[in-house]
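Trainee: The following block contains the structure, expressed as structure tokens.
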Amino acid sequence: MATIKLYNTQSRSIEEIIPNHLDGVLRIYCCGPTVYNYAHIGNFRTFLLQDVLRRLLLAMGYEVRFVRNLTDVDDKTIRGARGENISLEQFTEKWINIFRNDCEELNILAPDVEPKAASHIAEQIAMIEQLIRKQYAYMTSDGSVYFRLSSFPRYGQLSGINVEQLATQNENSAGQTNLADEYDRDNVHDFALWKAYKEEDGGIFWESPWGKGRPGWHIECSAMSVKYLGETIDIHGGGIDLCFPHHENEIAQTECVTGKPFVGHWFHSEHLQIEGQKMSKSLGNLFTLADLKSKGYGVEAIRYTLISGYYRQALNFTFSGLDAAQSALHKLKTKVRNFLEEDNLFLAQIVESISKVNTYHYFSAAIEALKNDLNTPKCLGEMFSILNRTVRGERQFWEELYMLCFILGIERFIFCEKQEVGSSEIPSDIVELGVERWRAKQDKNFAESDRLRNLLIGRGWRIIDTKDGYRLEKK
Ligand code: AMP
Ligand code: ZN
């Protein structure tokens, strides 16, 4: 089996992925979206990178069982359902459908299991009962249940957080007032496993041994991961913000119940930023897939942009980057089409005859980049440089190229009859002009950059310069 190496947040080093179970099946759990609104493109960066990892493992011959949950019980979903005066299920169903549609459009493989927290209340209650029985958790006077952090000395090892220091800082800076509504917790960092019913929950609650209420957020992932993947999993993924406290809490809960290591490999991806800034509603820079599509960008360009940065570095999303992605996809598609013509092949023949590739001759440098800590930018660079200098002709070339596109999740867009890629509205020659003009501007060749801008204006397109780039708009 091919060796795939990935940074492990837990060990702080790049380690080979080795299945923990004798059946060789890689068990992967990723924290999914909270379904109360549209997922934004930052969320999709994380889901797309997880998808590329999964596709790489599949292409390298691993058997993978992939679970990604849906968080449908929390303050936001409850508030949403109450605001619309509908049941929690009715409310979340709408957002789940939108999320699944977006994933489908982005060519993200559907999980093998996609469990909802609200459908697994019994499993969560059972886990909390075990934690209480083993004295890792306690009930407070209002009927909430908390995990006792002091009972798990390894707490903090994943993120490197020092809980004692945190507790002191918290008391010094925030003072007692912050704790007012949680006053009967033993320690400020003990976290909720079960939340007692509150007026604002309306009709949304479940019965439990501790009275009416609902599970805390963290316990759902422990319960569903154990249910569908067993006590020890191979890879656990999520955005970097989940490392503490969510993943620390997941480790504490699960390991205290099972007595076994919970996760072999922790896979965290850094965040997406927009034009150099944090994404936020108030800054007006929070984009959904629908937002970008309405600006004329194709889903394939969005996918390409979001996977084009190394997952261990924050990615700065810019409209010029999105335009460059369109242009790269256009180049790739044109090359594939020309090669096919030269080789006298039809697309359908290629796609039909694809088998698993065992050894990569042509694209080995691109594949190696992925096998070595999922280095997507390096992989894309290698792919283009190989395409530029390749003398091909063999069937092997096409199998490799198809598999590489499959791993990147762009096979559906490149190996299809659709002419235009990357944009749903902006013609590729306009995109090319935009990229050329951007390059001229970067090179401080202002005469050329003005010439290209005027050319674009003549063709009915306007360039809007932004802080870090530009975007094209129809006049
Ligand atoms: P949520 O719906 O907030 O639970 O988040 C779903 C996933 O998106 C989690 O893995 C988060 O860590 C991840 N995420 C949230 N914001 C960003 C961002 N700006 N960039 C990348 N991933 C993010
Ligand atoms: Zn989780």
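Lettering and numbering for the structure tokens are positional, with chains as A, B, ... in the shown order, residues counted from 1 in each chain, and ligands counted from 1 in the shown order.
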Can I get the residues of chain A within 6 Å of ligand 1, each with the closest pair of atoms and their distance in Å to one decimal, using only C-alpha atoms and all ligand atoms, sorted chain first then ascending number, as a Markdown table?

Mentor:
```
| residue | atom | partner | partner_atom_place_in_ligand_line | distance |
| --- | --- | --- | --- | --- |
| A:Cys31 | CA | ligand 1 | 10 (O) | 5.6 |
| A:Gly32 | CA | ligand 1 | 6 (C) | 5.4 |
| A:Pro33 | CA | ligand 1 | 2 (O) | 3.5 |
| A:Thr34 | CA | ligand 1 | 2 (O) | 4.0 |
| A:Gly42 | CA | ligand 1 | 20 (N) | 3.5 |
| A:Asn43 | CA | ligand 1 | 8 (O) | 3.5 |
| A:Arg45 | CA | ligand 1 | 21 (C) | 5.3 |
| A:Thr46 | CA | ligand 1 | 22 (N) | 4.7 |
| A:Gly238 | CA | ligand 1 | 10 (O) | 3.8 |
| A:Gly239 | CA | ligand 1 | 12 (O) | 3.0 |
| A:Ile240 | CA | ligand 1 | 12 (O) | 5.6 |
| A:Asp241 | CA | ligand 1 | 12 (O) | 5.1 |
| A:Leu242 | CA | ligand 1 | 12 (O) | 5.3 |
| A:His271 | CA | ligand 1 | 20 (N) | 3.3 |
| A:Leu272 | CA | ligand 1 | 20 (N) | 3.8 |
```

Trainee: Please find the residues contacting ligand 2 at a distance of at most 9 Å between atoms, with only C-alpha atoms and all ligand atoms counted, and report them as a list in words.

Mentor: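 Selection of residues at most 9 Å from ligand 2: Tyr29, Cys30, Cys31, Gly32, Arg68, Asn69, Thr71, Trp217, His218, Ile219, Glu220, Cys221, Ser222, Ser225, His236, Gly237, Gly238, Leu242, His246, His247 and Glu250 of chain A.
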
Trainee: Write out as a PyMOL selection string all residues of segment 190-383 of chain A that DSSP puts in strand (DSSP E or B) for this structure's backbone.

Mentor: chain A and resi 191-196+206+213-215+233-239+263-269+272-274+277+288+297+315-317+372

Trainee: In terms of the shortest atom-to-atom distance over only C-alpha atoms, which of A:Leu456, A:Arg79, A:Ser327, A:Thr232 is closest to Gly203 of chain A?

Mentor: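 Ranking A:Leu456, A:Arg79, A:Ser327, A:Thr232 by distance to Gly203 of chain A, first place goes to A:Arg79.
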
Trainee: Quick one: pull the distance between atom CA of Phe413 of chain A and atom CA of Leu109 of chain A, Å, one decimal.

Mentor: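 So the two atoms, atom CA of Phe413 of chain A and atom CA of Leu109 of chain A, lie 14.5 Å apart.
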
Trainee: Given the choices A:Gly213, A:Ile132, A:Ile41, A:Glu89, which gets closest to Asn316 of chain A if the distance is worked out from only C-alpha atoms?

Mentor: A:Ile41

Trainee: In Å, how far is it from atom CA of Cys416 of chain A to atom CA of Leu387 of chain A?

Mentor: 18.5 Å

Trainee: Can you list, as a short mmCIF file (atom, residue, chain, number, x, y, z; two decimals) with C-alpha atoms, in the first residue's frame, every protein, DNA or RNA residue that comes within 8 Å of segment 297-309 of chain A when you count only C-alpha atoms, leaving out same-chain residues fewer than 2 positions away?

Mentor:
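Saved to part.cif:
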```cif
data_model
loop_
_atom_site.label_atom_id
_atom_site.label_comp_id
_atom_site.auth_asym_id
_atom_site.auth_seq_id
_atom_site.Cartn_x
_atom_site.Cartn_y
_atom_site.Cartn_z
CA ILE A 41 -16.82 29.15 1.66
CA PHE A 44 -16.19 24.51 2.42
CA ARG A 45 -12.43 24.97 2.44
CA LEU A 48 -13.04 20.18 0.47
CA LEU A 49 -9.62 19.47 1.95
CA GLU A 105 -22.24 20.85 -6.79
CA LEU A 106 -18.72 21.13 -5.43
CA LEU A 289 -21.54 29.23 -2.82
CA LEU A 292 -20.12 33.45 -5.82
CA LYS A 293 -22.26 31.71 -8.41
CA SER A 294 -24.40 34.82 -8.71
CA LYS A 295 -21.23 36.78 -9.51
CA TYR A 311 -3.99 23.13 4.41
CA GLN A 313 -1.57 27.67 6.14
CA ALA A 314 -4.41 30.16 6.16
CA LEU A 315 -5.66 30.76 2.64
CA PHE A 317 -9.38 34.22 -0.76
CA GLY A 321 -7.41 34.19 -7.20
CA LEU A 322 -10.81 32.96 -8.31
CA ASP A 323 -10.22 34.42 -11.78
CA ALA A 325 -8.49 29.45 -10.98
CA GLN A 326 -10.90 29.89 -13.87
CA LEU A 329 -9.09 25.22 -15.37
CA THR A 376 -2.08 20.68 -2.97
CA PRO A 377 -0.32 23.83 -4.30
CA LEU A 380 -1.10 21.67 -8.96
CA LEU A 408 -8.47 16.84 -6.83
CA ILE A 410 -12.17 18.14 -10.79
CA PHE A 413 -15.49 19.22 -14.87
CA VAL A 421 -15.10 25.55 -17.34
CA GLY A 422 -14.54 27.75 -14.35
CA SER A 423 -17.23 30.29 -15.04
CA SER A 424 -20.93 30.24 -15.50
CA GLU A 425 -21.00 33.66 -17.12
CA ILE A 426 -17.60 35.19 -17.79
#
```

Trainee: Could you state the separation of atom CA of Val25 of chain A and atom CA of Tyr62 of chain A in Å, given to one decimal place?

Mentor: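 Distance between the two atoms: 7.0 Å.
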